[in-house]
Every structure is written in C-alpha cells, then in structure tokens.
file data_12.txt (compact mmCIF, C-alpha atoms)
# COMPACT_ATOMS: atom_id res chain seq x y z
CA MET V 1 24.84 -6.44 11.12
CA GLU V 2 24.08 -4.09 8.25
CA HIS V 3 23.87 -5.36 4.70
CA ALA V 4 25.14 -3.37 1.75
CA GLY V 5 22.22 -1.29 0.54
CA PHE V 6 20.15 -1.36 3.74
CA ARG V 7 20.49 -0.06 7.27
CA ILE V 8 18.06 0.10 10.19
CA THR V 9 17.80 3.47 11.93
CA ALA V 10 15.09 2.96 14.58
CA ARG V 11 12.96 0.21 16.15
CA VAL V 12 9.75 -0.02 18.16
CA GLU V 13 10.00 -1.99 21.37
CA GLY V 14 7.43 -4.77 21.64
CA THR V 15 6.83 -4.98 17.88
CA ALA V 16 8.87 -5.79 14.79
CA ALA V 17 8.36 -2.28 13.40
CA ARG V 18 11.51 -0.51 12.26
CA ALA V 19 12.65 2.48 10.25
CA GLY V 20 15.53 2.20 7.82
CA VAL V 21 17.14 3.27 4.57
CA ILE V 22 17.45 1.30 1.31
CA GLY V 23 20.30 2.47 -0.90
CA THR V 24 20.06 2.29 -4.70
CA PRO V 25 22.08 3.76 -7.59
CA HIS V 26 19.27 6.27 -8.16
CA GLY V 27 19.01 7.42 -4.54
CA GLU V 28 17.92 6.32 -1.09
CA ILE V 29 14.49 5.18 0.10
CA ALA V 30 13.64 5.97 3.72
CA THR V 31 11.46 3.19 5.15
CA PRO V 32 8.69 2.43 5.87
CA ALA V 33 7.64 3.77 2.47
CA PHE V 34 4.67 3.51 0.14
CA ILE V 35 5.74 2.86 -3.46
CA PRO V 36 3.20 4.02 -6.08
CA VAL V 37 2.51 1.55 -8.89
CA ALA V 38 3.57 2.78 -12.33
CA THR V 39 2.26 -0.27 -14.19
CA LYS V 40 3.26 0.70 -17.73
CA ALA V 41 6.04 3.10 -16.66
CA THR V 42 3.41 5.61 -15.56
CA VAL V 43 1.30 6.14 -12.47
CA LYS V 44 -1.97 6.42 -14.38
CA THR V 45 -2.97 10.05 -15.14
CA LEU V 46 0.15 11.58 -13.48
CA THR V 47 3.33 13.06 -14.91
CA ALA V 48 6.70 12.35 -13.28
CA ASP V 49 6.68 15.85 -11.79
CA GLN V 50 3.25 15.23 -10.26
CA ILE V 51 4.48 11.95 -8.79
CA ARG V 52 7.40 13.81 -7.25
CA ALA V 53 4.95 16.34 -5.82
CA THR V 54 3.33 13.55 -3.79
CA GLY V 55 6.61 12.94 -1.97
CA ALA V 56 6.97 9.45 -3.45
CA GLN V 57 10.53 8.14 -3.21
CA ALA V 58 10.29 5.36 -5.81
CA ILE V 59 7.91 3.82 -8.33
CA LEU V 60 7.14 0.19 -9.20
CA ALA V 61 6.55 -0.85 -12.83
CA ASN V 62 5.25 -4.09 -14.26
CA ALA V 63 7.53 -6.45 -16.18
CA TYR V 64 4.62 -8.25 -17.89
CA HIS V 65 3.06 -5.10 -19.33
CA LEU V 66 6.38 -3.53 -20.37
CA TYR V 67 7.40 -6.81 -22.01
CA LEU V 68 4.27 -6.66 -24.19
CA ARG V 69 4.52 -2.92 -24.87
CA PRO V 70 6.85 -1.23 -25.71
CA GLY V 71 9.24 -4.17 -25.21
CA PRO V 72 12.17 -4.35 -22.79
CA GLU V 73 14.65 -3.65 -25.57
CA VAL V 74 13.09 -0.20 -26.07
CA VAL V 75 13.34 0.67 -22.37
CA ASP V 76 16.92 -0.64 -22.32
CA ALA V 77 17.86 1.54 -25.30
CA ALA V 78 16.36 4.55 -23.50
CA GLY V 79 18.76 4.03 -20.60
CA GLY V 80 16.49 2.04 -18.31
CA LEU V 81 13.17 2.60 -16.60
CA ALA V 82 14.16 5.72 -14.63
CA GLU V 83 15.32 7.50 -17.78
CA PHE V 84 12.50 6.20 -19.97
CA ALA V 85 9.82 7.47 -17.56
CA ASN V 86 11.61 10.77 -16.81
CA TRP V 87 11.55 9.71 -13.15
CA HIS V 88 15.29 9.74 -12.36
CA GLY V 89 14.76 8.16 -8.95
CA PRO V 90 14.73 4.65 -7.45
CA THR V 91 12.64 2.09 -9.34
CA TYR V 92 11.24 -1.40 -8.76
CA THR V 93 9.89 -3.92 -11.25
CA ASP V 94 7.87 -6.98 -10.33
CA SER V 95 8.64 -10.28 -12.03
CA GLY V 96 5.52 -10.48 -14.17
CA GLY V 97 4.35 -13.55 -12.26
CA PHE V 98 1.25 -11.92 -10.80
CA GLN V 99 -0.03 -10.65 -14.16
CA VAL V 100 0.82 -13.82 -16.07
CA MET V 101 -1.32 -15.74 -13.60
CA SER V 102 -4.08 -13.26 -12.75
CA LEU V 103 -4.69 -12.25 -16.36
CA GLY V 104 -4.17 -15.76 -17.64
CA VAL V 105 -6.07 -18.34 -15.67
CA GLY V 106 -9.56 -17.25 -16.64
CA PHE V 107 -9.31 -14.46 -14.04
CA ARG V 108 -9.42 -17.19 -11.39
CA LYS V 109 -6.08 -16.17 -9.92
CA THR V 110 -7.17 -12.96 -8.31
CA LEU V 111 -6.21 -12.06 -4.78
CA ALA V 112 -9.04 -12.59 -2.34
CA MET V 113 -8.58 -11.62 1.30
CA ASP V 114 -10.99 -14.17 2.71
CA VAL V 115 -11.39 -17.92 2.31
CA SER V 116 -14.40 -18.68 0.10
CA GLY V 117 -13.88 -22.26 -1.02
CA LEU V 118 -10.85 -24.22 -2.13
CA ALA V 119 -10.02 -25.53 -5.59
CA ASP V 120 -7.13 -27.12 -7.42
CA ASP V 121 -5.45 -24.94 -10.01
CA ASP V 122 -7.19 -26.57 -12.95
CA VAL V 123 -10.50 -24.97 -11.92
CA VAL V 124 -11.40 -21.97 -14.10
CA ALA V 125 -14.05 -19.40 -13.33
CA PRO V 126 -17.38 -20.15 -15.06
CA GLY V 127 -17.59 -18.65 -18.53
CA LYS V 128 -13.86 -17.87 -18.61
CA GLN V 129 -11.12 -19.36 -20.74
CA ARG V 130 -7.81 -20.52 -19.31
CA ASN V 131 -5.05 -18.44 -20.85
CA ALA V 132 -2.05 -19.51 -18.73
CA PHE V 133 -0.56 -22.94 -18.10
CA VAL V 134 1.97 -23.56 -15.34
CA ASP V 135 4.59 -26.29 -15.45
CA ASP V 136 7.78 -26.89 -13.51
CA GLU V 137 9.86 -24.95 -16.03
CA GLY V 138 7.70 -21.83 -16.33
CA VAL V 139 4.39 -20.48 -17.61
CA THR V 140 2.95 -20.43 -21.12
CA PHE V 141 0.30 -17.76 -21.57
CA ARG V 142 -1.71 -15.80 -24.08
CA SER V 143 -1.34 -12.04 -24.16
CA HIS V 144 -4.37 -10.11 -22.91
CA VAL V 145 -3.54 -7.54 -25.61
CA ASP V 146 -3.74 -9.59 -28.81
CA GLY V 147 -4.05 -13.25 -27.81
CA SER V 148 -0.52 -14.14 -28.96
CA THR V 149 1.28 -16.94 -27.10
CA HIS V 150 4.30 -16.25 -24.88
CA ARG V 151 6.49 -18.14 -22.44
CA PHE V 152 7.91 -16.85 -19.14
CA THR V 153 10.57 -18.77 -17.25
CA PRO V 154 12.78 -17.56 -14.40
CA GLU V 155 15.50 -16.84 -16.96
CA VAL V 156 13.14 -14.90 -19.23
CA SER V 157 11.85 -12.83 -16.31
CA MET V 158 15.39 -11.99 -15.25
CA GLY V 159 16.30 -11.01 -18.81
CA ILE V 160 13.29 -8.71 -19.07
CA GLN V 161 13.95 -7.06 -15.71
CA HIS V 162 17.64 -6.58 -16.41
CA ALA V 163 16.74 -4.87 -19.69
CA LEU V 164 14.20 -2.67 -17.90
CA GLY V 165 17.02 -1.66 -15.57
CA ALA V 166 15.09 -1.14 -12.31
CA ASP V 167 17.14 -0.79 -9.14
CA ILE V 168 15.14 -3.51 -7.36
CA ILE V 169 13.79 -6.55 -9.20
CA PHE V 170 11.88 -9.59 -7.98
CA ALA V 171 12.41 -13.30 -8.53
CA PHE V 172 9.85 -15.05 -10.73
CA ASP V 173 7.26 -16.77 -8.54
CA GLU V 174 3.94 -18.53 -8.91
CA LEU V 175 0.91 -16.62 -7.69
CA THR V 176 -1.55 -18.75 -5.71
CA THR V 177 -4.78 -17.69 -4.04
CA LEU V 178 -6.68 -18.55 -0.90
CA MET V 179 -8.90 -20.69 -3.12
CA ASN V 180 -6.12 -23.14 -4.01
CA THR V 181 -5.96 -26.40 -2.05
CA ARG V 182 -3.32 -27.15 0.55
CA GLY V 183 -1.76 -29.73 -1.76
CA TYR V 184 -1.43 -27.24 -4.58
CA GLN V 185 0.05 -24.64 -2.23
CA GLU V 186 2.72 -27.11 -1.13
CA ALA V 187 3.70 -27.90 -4.72
CA SER V 188 3.68 -24.21 -5.64
CA VAL V 189 5.96 -23.19 -2.76
CA GLU V 190 8.50 -25.79 -3.86
CA ARG V 191 8.18 -24.71 -7.50
CA THR V 192 8.74 -21.07 -6.52
CA ARG V 193 11.84 -22.10 -4.51
CA ARG V 194 13.31 -23.89 -7.55
CA TRP V 195 12.53 -20.90 -9.74
CA ALA V 196 14.21 -18.62 -7.19
CA ARG V 197 17.41 -20.66 -7.43
CA ARG V 198 17.36 -20.28 -11.20
CA CYS V 199 16.71 -16.53 -10.84
CA LEU V 200 19.78 -16.15 -8.62
CA ALA V 201 21.95 -17.94 -11.17
CA GLU V 202 20.63 -15.93 -14.11
CA HIS V 203 20.84 -12.65 -12.17
CA ASP V 204 24.51 -13.35 -11.46
CA ARG V 205 25.20 -14.20 -15.11
CA LEU V 206 23.42 -11.12 -16.47
CA SER V 207 25.00 -8.81 -13.88
CA ARG V 208 28.43 -9.85 -15.10
CA GLU V 209 27.48 -9.86 -18.78
CA ARG V 210 25.98 -6.38 -18.55
CA ASN V 211 28.94 -5.07 -16.52
CA GLN V 212 26.81 -3.87 -13.63
CA ARG V 213 28.57 -1.75 -11.02
CA PRO V 214 27.45 -0.26 -7.69
CA GLY V 215 27.39 3.48 -7.24
CA PRO V 216 25.44 6.49 -8.54
CA ALA V 217 24.03 5.97 -12.02
CA GLY V 218 25.68 9.12 -13.35
CA ALA V 219 29.15 8.22 -12.03
CA LEU V 220 29.63 4.85 -13.70
CA PRO V 221 32.56 4.15 -16.04
CA PRO V 222 31.78 3.98 -19.77
CA GLY V 223 29.86 0.83 -20.69
CA ALA V 224 28.87 0.02 -17.11
CA ARG V 225 25.30 -0.19 -15.87
CA PRO V 226 23.89 0.44 -12.39
CA ALA V 227 23.86 -2.63 -10.17
CA GLN V 228 20.43 -4.19 -9.57
CA GLN V 229 19.18 -5.82 -6.37
CA LEU V 230 17.33 -9.13 -6.73
CA TRP V 231 14.70 -9.81 -4.06
CA GLY V 232 13.17 -13.23 -3.42
CA VAL V 233 9.39 -13.65 -3.05
CA VAL V 234 7.84 -15.64 -0.18
CA GLN V 235 4.60 -17.50 -0.96
CA GLY V 236 2.56 -19.97 1.12
CA ALA V 237 -0.88 -18.31 1.36
CA GLN V 238 -2.52 -18.61 4.81
CA TYR V 239 -0.48 -21.58 6.05
CA GLU V 240 2.07 -20.80 8.76
CA ASP V 241 4.28 -23.82 8.12
CA LEU V 242 4.40 -23.12 4.38
CA ARG V 243 5.14 -19.43 4.82
CA ARG V 244 7.95 -20.15 7.27
CA ALA V 245 9.37 -22.96 5.14
CA ALA V 246 9.23 -20.78 2.03
CA ALA V 247 11.11 -17.98 3.79
CA ARG V 248 13.74 -20.35 5.18
CA GLY V 249 14.21 -21.93 1.77
CA LEU V 250 14.90 -18.59 0.10
CA VAL V 251 17.31 -17.53 2.85
CA ALA V 252 19.21 -20.81 2.43
CA LEU V 253 19.49 -20.22 -1.32
CA SER V 254 20.75 -16.68 -0.71
CA ASP V 255 23.30 -17.78 1.89
CA ALA V 256 24.62 -20.50 -0.43
CA ALA V 257 25.01 -18.04 -3.30
CA GLU V 258 26.89 -15.54 -1.15
CA ALA V 259 29.10 -18.27 0.29
CA ALA V 260 30.08 -19.08 -3.30
CA GLY V 261 30.91 -15.44 -4.01
CA ARG V 262 27.73 -14.71 -6.00
CA PRO V 263 24.99 -12.19 -5.19
CA GLY V 264 22.22 -13.47 -2.94
CA PHE V 265 18.86 -11.87 -2.28
CA ALA V 266 19.31 -8.22 -1.29
CA GLY V 267 15.77 -8.18 0.09
CA TYR V 268 12.54 -10.14 0.15
CA GLY V 269 9.00 -9.69 -1.09
CA ILE V 270 5.98 -11.12 0.68
CA GLY V 271 3.48 -12.09 -1.99
CA GLY V 272 0.46 -14.16 -2.84
CA ALA V 273 -2.86 -14.40 -1.09
CA ILE V 274 -3.09 -12.98 2.41
CA GLU V 275 -6.23 -13.35 4.50
CA LYS V 276 -7.03 -9.84 5.71
CA ALA V 277 -8.03 -10.85 9.23
CA ARG V 278 -4.65 -12.57 9.67
CA LEU V 279 -2.42 -10.19 7.71
CA GLY V 280 -0.29 -9.17 10.68
CA ASP V 281 0.21 -12.78 11.75
CA ILE V 282 1.13 -13.93 8.24
CA VAL V 283 3.64 -11.12 7.71
CA GLY V 284 5.03 -11.81 11.17
CA TRP V 285 5.60 -15.51 10.39
CA VAL V 286 7.62 -14.51 7.34
CA THR V 287 9.67 -11.70 8.85
CA ALA V 288 10.57 -13.93 11.82
CA GLU V 289 12.37 -16.23 9.35
CA LEU V 290 14.06 -13.52 7.29
CA PRO V 291 17.37 -11.86 8.12
CA GLU V 292 17.03 -8.59 10.01
CA ASN V 293 19.53 -6.86 7.75
CA ARG V 294 17.50 -7.18 4.54
CA PRO V 295 14.45 -5.06 3.60
CA ARG V 296 11.00 -6.64 3.18
CA HIS V 297 8.39 -5.52 0.64
CA LEU V 298 4.72 -6.44 1.03
CA LEU V 299 3.20 -6.73 -2.42
CA GLY V 300 -0.25 -5.31 -3.13
CA ILE V 301 -1.33 -3.78 0.20
CA SER V 302 -2.62 -0.23 0.79
CA GLU V 303 -5.58 -0.10 3.22
CA PRO V 304 -4.48 1.92 6.29
CA ASP V 305 -5.22 -0.85 8.82
CA ASP V 306 -3.28 -3.34 6.69
CA VAL V 307 -0.31 -0.97 6.41
CA PHE V 308 -0.14 -0.46 10.19
CA ALA V 309 -0.44 -4.22 10.80
CA ALA V 310 2.29 -4.96 8.28
CA VAL V 311 4.66 -2.32 9.67
CA ALA V 312 4.14 -3.69 13.18
CA ALA V 313 5.02 -7.14 11.83
CA GLY V 314 8.27 -5.92 10.26
CA ALA V 315 7.45 -4.97 6.65
CA ASP V 316 9.36 -2.02 5.20
CA THR V 317 7.83 -1.04 1.85
CA PHE V 318 4.45 -1.49 0.14
CA ASP V 319 2.83 -1.08 -3.24
CA CYS V 320 -0.76 -1.26 -4.44
CA VAL V 321 -2.85 -0.11 -7.40
CA ALA V 322 -5.90 0.50 -5.17
CA PRO V 323 -5.28 4.23 -4.47
CA THR V 324 -5.08 5.06 -8.19
CA ARG V 325 -7.83 2.69 -9.32
CA LEU V 326 -10.14 4.01 -6.61
CA ALA V 327 -9.31 7.61 -7.53
CA ARG V 328 -10.36 7.20 -11.16
CA ARG V 329 -13.82 6.21 -9.92
CA GLY V 330 -14.12 9.16 -7.57
CA GLY V 331 -13.00 7.46 -4.36
CA VAL V 332 -10.69 9.55 -2.17
CA TYR V 333 -9.00 9.10 1.19
CA THR V 334 -9.43 11.55 4.07
CA ARG V 335 -8.36 11.43 7.69
CA ASP V 336 -12.01 10.76 8.52
CA GLY V 337 -12.36 7.81 6.16
CA ARG V 338 -12.94 7.22 2.48
CA LEU V 339 -15.34 9.34 0.42
CA THR V 340 -17.03 8.71 -2.92
CA LEU V 341 -17.21 12.07 -4.64
CA THR V 342 -19.78 10.96 -7.21
CA ASN V 343 -22.38 10.95 -4.41
CA ALA V 344 -25.03 13.67 -4.76
CA ARG V 345 -24.22 15.20 -1.36
CA PHE V 346 -20.96 16.60 -2.77
CA ARG V 347 -22.65 18.60 -5.56
CA ARG V 348 -22.57 21.81 -3.48
CA ASP V 349 -19.71 20.94 -1.09
CA PHE V 350 -17.11 23.64 -1.75
CA GLY V 351 -14.59 22.42 0.79
CA PRO V 352 -11.32 20.66 -0.13
CA ILE V 353 -11.08 16.88 -0.30
CA ASP V 354 -9.48 16.86 3.14
CA ALA V 355 -8.68 20.12 4.91
CA GLU V 356 -6.03 18.46 7.09
CA THR V 357 -4.07 16.72 4.35
CA PRO V 358 -1.61 19.18 2.75
CA SER V 359 -2.06 17.64 -0.69
CA PRO V 360 -1.12 19.48 -3.93
CA THR V 361 -4.85 19.28 -4.76
CA ALA V 362 -5.97 21.43 -1.80
CA GLY V 363 -7.30 24.18 -4.08
CA TYR V 364 -9.89 21.94 -5.76
CA SER V 365 -13.29 21.57 -4.10
CA ARG V 366 -15.34 18.45 -3.66
CA ALA V 367 -18.10 20.12 -5.71
CA TYR V 368 -15.71 20.75 -8.60
CA LEU V 369 -14.51 17.16 -8.53
CA HIS V 370 -18.09 15.91 -8.35
CA HIS V 371 -18.77 17.95 -11.50
CA LEU V 372 -15.69 16.60 -13.31
CA LEU V 373 -16.54 13.02 -12.41
CA LYS V 374 -20.16 13.33 -13.51
CA SER V 375 -18.98 15.00 -16.73
CA LYS V 376 -16.42 12.20 -17.27
CA GLU V 377 -13.59 14.69 -17.56
CA TYR V 378 -10.11 13.15 -17.49
CA LEU V 379 -8.93 15.85 -15.09
CA ALA V 380 -11.02 14.24 -12.35
CA GLY V 381 -8.81 11.15 -12.45
CA THR V 382 -5.65 13.24 -12.31
CA ILE V 383 -6.72 15.32 -9.31
CA CYS V 384 -8.15 12.39 -7.32
CA THR V 385 -5.10 10.22 -8.11
CA LEU V 386 -2.70 12.97 -7.09
CA HIS V 387 -4.56 13.33 -3.80
CA ASN V 388 -4.74 9.59 -3.05
CA VAL V 389 -1.09 8.92 -3.83
CA PHE V 390 -0.11 11.91 -1.69
CA PHE V 391 -2.35 10.66 1.13
CA MET V 392 -0.79 7.16 1.15
CA VAL V 393 2.78 8.41 0.83
CA ASP V 394 2.17 10.96 3.59
CA LEU V 395 0.53 8.37 5.86
CA VAL V 396 3.49 6.00 5.64
CA ASP V 397 5.89 8.94 6.05
CA ARG V 398 4.06 9.81 9.26
CA ILE V 399 4.29 6.19 10.38
CA ARG V 400 8.04 6.35 9.79
CA GLU V 401 8.31 9.53 11.84
CA SER V 402 6.26 7.98 14.65
CA ILE V 403 8.73 5.08 14.76
CA ARG V 404 11.66 7.47 14.96
CA ALA V 405 9.89 9.47 17.67
CA GLY V 406 9.03 6.37 19.71
CA ARG V 407 5.25 6.80 19.46
CA PHE V 408 4.17 4.30 16.80
CA PRO V 409 1.52 2.57 18.99
CA GLU V 410 -0.04 5.92 19.91
CA PHE V 411 -0.09 7.14 16.31
CA ARG V 412 -1.64 3.89 15.11
CA GLU V 413 -4.45 4.16 17.68
CA GLU V 414 -5.08 7.83 16.90
CA PHE V 415 -5.12 7.46 13.13
CA LEU V 416 -7.12 4.24 12.82
CA GLY V 417 -9.61 5.27 15.50
CA ARG V 418 -10.48 8.37 13.53
CA TYR V 419 -10.21 6.93 10.02
CA TYR V 420 -12.55 4.00 10.56
CA ALA V 421 -15.04 6.07 12.54
CA GLY V 422 -15.53 8.34 9.51
CA ALA V 423 -18.32 8.09 6.96
CA LYS V 424 -17.81 6.70 3.49
call {"tool": "encode", "arguments": {"input": "data_12.txt", "output": "structure tokens"}}
result
Amino acid sequence: MEHAGFRITARVEGTAARAGVIGTPHGEIATPAFIPVATKATVKTLTADQIRATGAQAILANAYHLYLRPGPEVVDAAGGLAEFANWHGPTYTDSGGFQVMSLGVGFRKTLAMDVSGLADDDVVAPGKQRNAFVDDEGVTFRSHVDGSTHRFTPEVSMGIQHALGADIIFAFDELTTLMNTRGYQEASVERTRRWARRCLAEHDRLSRERNQRPGPAGALPPGARPAQQLWGVVQGAQYEDLRRAAARGLVALSDAAEAAGRPGFAGYGIGGAIEKARLGDIVGWVTAELPENRPRHLLGISEPDDVFAAVAAGADTFDCVAPTRLARRGGVYTRDGRLTLTNARFRRDFGPIDAETPSPTAGYSRAYLHHLLKSKEYLAGTICTLHNVFFMVDLVDRIRESIRAGRFPEFREEFLGRYYAGAK
C-alpha cells in the first residue's frame, strides 16, 4: 500500500533494495538519493546554482546551527529554508540532537564505526569539559559559539524546525555512541521513544496552528504554509534487539496517532552509532521492522561501500558532511578510489580529477588544484567540493538506475571492485 508522499517504483529480488519517489511541496525526490548537507543553510563553498549543477535533489540543514545563527525566526520571516537559501527545492532539517550531544559532551559523543571500549554517559574525554546535560525532559547545553546556556526539548526542536520550514523534519532524539554501555543504550532508546511521542503531539499542534496545507508551495491559499513531514529516528547502536524494539516502538506511536486522526511519522531516520563492519545488518534489522510504504533515511553515511550496503538493506536516502569536509582538504573521489591532491605527485598532473566522471569541474586539472590547495586559495575548496558532491549524487543516481534496470548486484560488484582497487 502506498502512503501519501511516497511510492515504490522498483525492487531488487533477493535484497531489500528499492527505488521510489518522495513527494514534497517543493518537488519530488527520486530514491535512492544522496542529500548534500547544507549545515548553516549552505553547502560549504557552493552557491545554490552550483548545488543544482551537481544534480542534487534536496539539501539537509542543521536545526542546532540555524537556531544559534541567524535564528529560526529570521528564516521563518524569509519564507522558510528553501526561500532563505535561494534553493527552491525539497529541504530536510535534522532535529539538532546530534550537534547538541556531539558538540556538548566534551566531544565524547562522536560517531565511531568500531567498538573501542564502553563507558557510561558521564565519562568525558580527557582534558575536555562537559557542555551538555541530558535528562528525561530534554538537554541543557552551552553554545559552542559563545558559551551561552540553552535548552532543547522535543517541543523546542519541533518549534525550531517548523519555523525553519523544511519539507522533512526529524524527531528529537538522543545521540549515543558505540562507547556507551548496554545499560545506557537501553535507557536512551526508551528516552528517545518518549521524546518521539512528544514530537508527534507538538508537530500536530504546530501544523494546525501554522495552517499547514499539502500541495505545491506556490499554490497555497493566503496565510497557509506548506505541510511538513515528521520522521522518527531509530536508535539502538549495535544491538539487534534494541534496534528492532526502537523501530517497533516508533511504528506503534505513529499508528496510534493516525488512528486518532493525527499525523504519524511520514518516514523514518536511522541514526546513532553504526559499526561499519555490520552496517548492512544493522540497517536491515531496522528496515525489517518499519512499514514498507514509508521512506527511510540513513543519517551520516557516504562511503561507497556503506551506501551500497545500506541500499541493499532497504535505505532510501543518505546525508553526510564527509564529501565536503574531505574536499576542503584536497581529498577527491574518483572511480578508481580516493585521491589526495595535496600530494607532490599531482604537481605536474594536467589531467582532470576523474576523466570518467562528467562533473562540472572537468576543465580543471589536478595540477591546478594542487597549486590552489598549496596556495590556500578558497577556490580549491569550491572546485573539490563541487566535484565530490557531484560524484556522490551521481553514484547514488546510478545505483537507482541499476535498480530500475534489474542489475543492482552487478553494478555493485563492478563499482566497488574498481573503486577499492584504486590508489589513494
């Protein structure tokens, strides 16, 4: 059965991979899709036109950063995130939970992809100061900008995201890591479930208060705002029983809301710490418990092998800052692996970054980029970022086409076999 706002168009026999379409007031998103991260309403170093040139269908901004600067009320007055950023396409915002935790708890809450020792949440990295404190009602934290104290609750996060006006918003959740103990993970999953219930209630209240209506943004009656989709976030780290229980708990909350005539979760995010070696299994545990007719977004993943594993396990969309962060340091993707253009061997390499990737940057040589990077010219970050975002968007587009053509397993083997055989 299709759900309003999402339809499945193709499947891959023997896997959970599927192609589909997510509908939003600002346009459709064909899935699987890579969603570039526009943390502060910008993909760093790129204009909106340059983002469009990569083929990106949507962008994802950060509620925490936009809350601190310029403030959600400014974005709201501008007409919402899509208008404010001159993007005019589909938009996502995360809940702010990741940044509140990762920037707050002495940088202890960072996502590791391997298990390197367990600790309760009151452990702070040596030499660091705890700047965020979690309780059952929410999180109190100090701003990384000026040290001022703030408080996020599920209701506050919903208020911020409604003001930002993204098409797809996420429920406020608690970030945990692979370093947290099993006992803490259990308590956190239950806390996130309770917060999700509060998010559903506040999302319903704000949707009515702000007179949100479905349909194209430009065709709404006076005073109405585009409808927003709220997606729940599944936590549980590397534990199968916790991941499955977390997913089932969110689905139950959504079903109860819809049975009462209120909006449920229009989709689901898969968040938190994911052990790289088990990524496909972990995503598979979650998607097995989620309804087929809702889209699934895997938060913070962009390595090609991880993307293929996640698609095979039933994930539909992805976001990650890695392609842009890597680009600003001279790291670029090619079909033969990742290159670091600051290396001396590129000083007289006059070929393009990747001759087989039809990127908008094809006219710039590796030698030129090596020069820009060594000279610390800002243009280096723009060109490398444009290439990397194009590469990731194009890769996931090709995955989508392979699903539609019935050759996903073959494409996965061809691409990964070549990519990971290449030199760095």
call {"tool": "closest_residue", "arguments": {"input": "data_12.txt", "among": "V:Gly147, V:Gly215, V:Pro36, V:Gly159", "to": "Val321 in chain V", "atoms": "all atoms listed in the file"}}
result
V:Pro36
call {"tool": "closest_residue", "arguments": {"input": "data_12.txt", "among": "V:Tyr67, V:Trp285, V:Phe408, V:Tyr364", "to": "Glu240 in chain V", "atoms": "all atoms listed in the file"}}
result
V:Trp285
call {"tool": "closest_atom_pairs", "arguments": {"input": "data_12.txt", "of": "range 178-230 of chain V", "to": "range 5-8 of chain V", "cutoff": "12 Å", "atoms": "all atoms listed in the file", "output": "Markdown table"}}
result
| residue | atom | partner | partner_atom | distance |
| --- | --- | --- | --- | --- |
| V:Pro214 | CA | V:Gly5 | CA | 9.8 |
| V:Gly215 | CA | V:Gly5 | CA | 10.5 |
| V:Ala227 | CA | V:Gly5 | CA | 10.9 |
| V:Gln228 | CA | V:Gly5 | CA | 10.7 |
| V:Gln229 | CA | V:Gly5 | CA | 8.8 |
| V:Leu230 | CA | V:Gly5 | CA | 11.8 |
call {"tool": "atom_distance", "arguments": {"input": "data_12.txt", "atom1": "CA of Gly14 in chain V", "atom2": "CA of Val311 in chain V"}}
result
12.5 Å
call {"tool": "closest_residue", "arguments": {"input": "data_12.txt", "among": "V:Trp231, V:Thr324, V:Asn180, V:Ala257", "to": "His297 in chain V", "atoms": "only C-alpha atoms"}}
result
V:Trp231
call {"tool": "atom_distance", "arguments": {"input": "data_12.txt", "atom1": "CA of Pro358 in chain V", "atom2": "CA of Asp336 in chain V"}}
result
14.6 Å
call {"tool": "build_atoms", "arguments": {"input": "data_12.txt", "residues": "range 339-356 of chain V", "atoms": "N, CA and C atoms", "output": "PDB file, in the frame of the given file"}}
result
ATOM      1  N   LEU V 339     -14.169   8.700   0.992  1.00  0.00           N
ATOM      2  CA  LEU V 339     -15.340   9.340   0.420  1.00  0.00           C
ATOM      3  C   LEU V 339     -15.506   8.939  -1.043  1.00  0.00           C
ATOM      4  N   THR V 340     -16.742   8.936  -1.511  1.00  0.00           N
ATOM      5  CA  THR V 340     -17.030   8.710  -2.920  1.00  0.00           C
ATOM      6  C   THR V 340     -17.630   9.999  -3.481  1.00  0.00           C
ATOM      7  N   LEU V 341     -16.829  10.720  -4.241  1.00  0.00           N
ATOM      8  CA  LEU V 341     -17.210  12.070  -4.640  1.00  0.00           C
ATOM      9  C   LEU V 341     -18.278  12.116  -5.724  1.00  0.00           C
ATOM     10  N   THR V 342     -18.656  10.977  -6.268  1.00  0.00           N
ATOM     11  CA  THR V 342     -19.780  10.960  -7.210  1.00  0.00           C
ATOM     12  C   THR V 342     -21.122  11.045  -6.486  1.00  0.00           C
ATOM     13  N   ASN V 343     -21.128  10.875  -5.168  1.00  0.00           N
ATOM     14  CA  ASN V 343     -22.380  10.950  -4.410  1.00  0.00           C
ATOM     15  C   ASN V 343     -22.990  12.347  -4.498  1.00  0.00           C
ATOM     16  N   ALA V 344     -24.317  12.407  -4.554  1.00  0.00           N
ATOM     17  CA  ALA V 344     -25.030  13.670  -4.760  1.00  0.00           C
ATOM     18  C   ALA V 344     -24.743  14.695  -3.670  1.00  0.00           C
ATOM     19  N   ARG V 345     -24.423  14.253  -2.468  1.00  0.00           N
ATOM     20  CA  ARG V 345     -24.220  15.200  -1.360  1.00  0.00           C
ATOM     21  C   ARG V 345     -23.015  16.110  -1.567  1.00  0.00           C
ATOM     22  N   PHE V 346     -22.144  15.768  -2.529  1.00  0.00           N
ATOM     23  CA  PHE V 346     -20.960  16.600  -2.770  1.00  0.00           C
ATOM     24  C   PHE V 346     -21.198  17.650  -3.862  1.00  0.00           C
ATOM     25  N   ARG V 347     -22.388  17.692  -4.432  1.00  0.00           N
ATOM     26  CA  ARG V 347     -22.650  18.600  -5.560  1.00  0.00           C
ATOM     27  C   ARG V 347     -22.433  20.059  -5.176  1.00  0.00           C
ATOM     28  N   ARG V 348     -22.742  20.428  -3.931  1.00  0.00           N
ATOM     29  CA  ARG V 348     -22.570  21.810  -3.480  1.00  0.00           C
ATOM     30  C   ARG V 348     -21.627  21.888  -2.274  1.00  0.00           C
ATOM     31  N   ASP V 349     -20.700  20.933  -2.183  1.00  0.00           N
ATOM     32  CA  ASP V 349     -19.710  20.940  -1.090  1.00  0.00           C
ATOM     33  C   ASP V 349     -18.446  21.621  -1.617  1.00  0.00           C
ATOM     34  N   PHE V 350     -18.217  22.852  -1.192  1.00  0.00           N
ATOM     35  CA  PHE V 350     -17.110  23.640  -1.750  1.00  0.00           C
ATOM     36  C   PHE V 350     -15.830  23.562  -0.915  1.00  0.00           C
ATOM     37  N   GLY V 351     -15.802  22.629   0.019  1.00  0.00           N
ATOM     38  CA  GLY V 351     -14.590  22.420   0.790  1.00  0.00           C
ATOM     39  C   GLY V 351     -13.598  21.542   0.051  1.00  0.00           C
ATOM     40  N   PRO V 352     -12.335  21.516   0.497  1.00  0.00           N
ATOM     41  CA  PRO V 352     -11.320  20.660  -0.130  1.00  0.00           C
ATOM     42  C   PRO V 352     -11.606  19.190   0.157  1.00  0.00           C
ATOM     43  N   ILE V 353     -10.902  18.317  -0.538  1.00  0.00           N
ATOM     44  CA  ILE V 353     -11.080  16.880  -0.300  1.00  0.00           C
ATOM     45  C   ILE V 353     -10.873  16.575   1.166  1.00  0.00           C
ATOM     46  N   ASP V 354      -9.785  17.079   1.720  1.00  0.00           N
ATOM     47  CA  ASP V 354      -9.480  16.860   3.140  1.00  0.00           C
ATOM     48  C   ASP V 354      -8.691  18.065   3.630  1.00  0.00           C
ATOM     49  N   ALA V 355      -9.301  18.869   4.462  1.00  0.00           N
ATOM     50  CA  ALA V 355      -8.680  20.120   4.910  1.00  0.00           C
ATOM     51  C   ALA V 355      -7.396  19.895   5.680  1.00  0.00           C
ATOM     52  N   GLU V 356      -7.203  18.701   6.258  1.00  0.00           N
ATOM     53  CA  GLU V 356      -6.030  18.460   7.090  1.00  0.00           C
ATOM     54  C   GLU V 356      -4.894  17.754   6.354  1.00  0.00           C
TER      55      GLU V 356
END
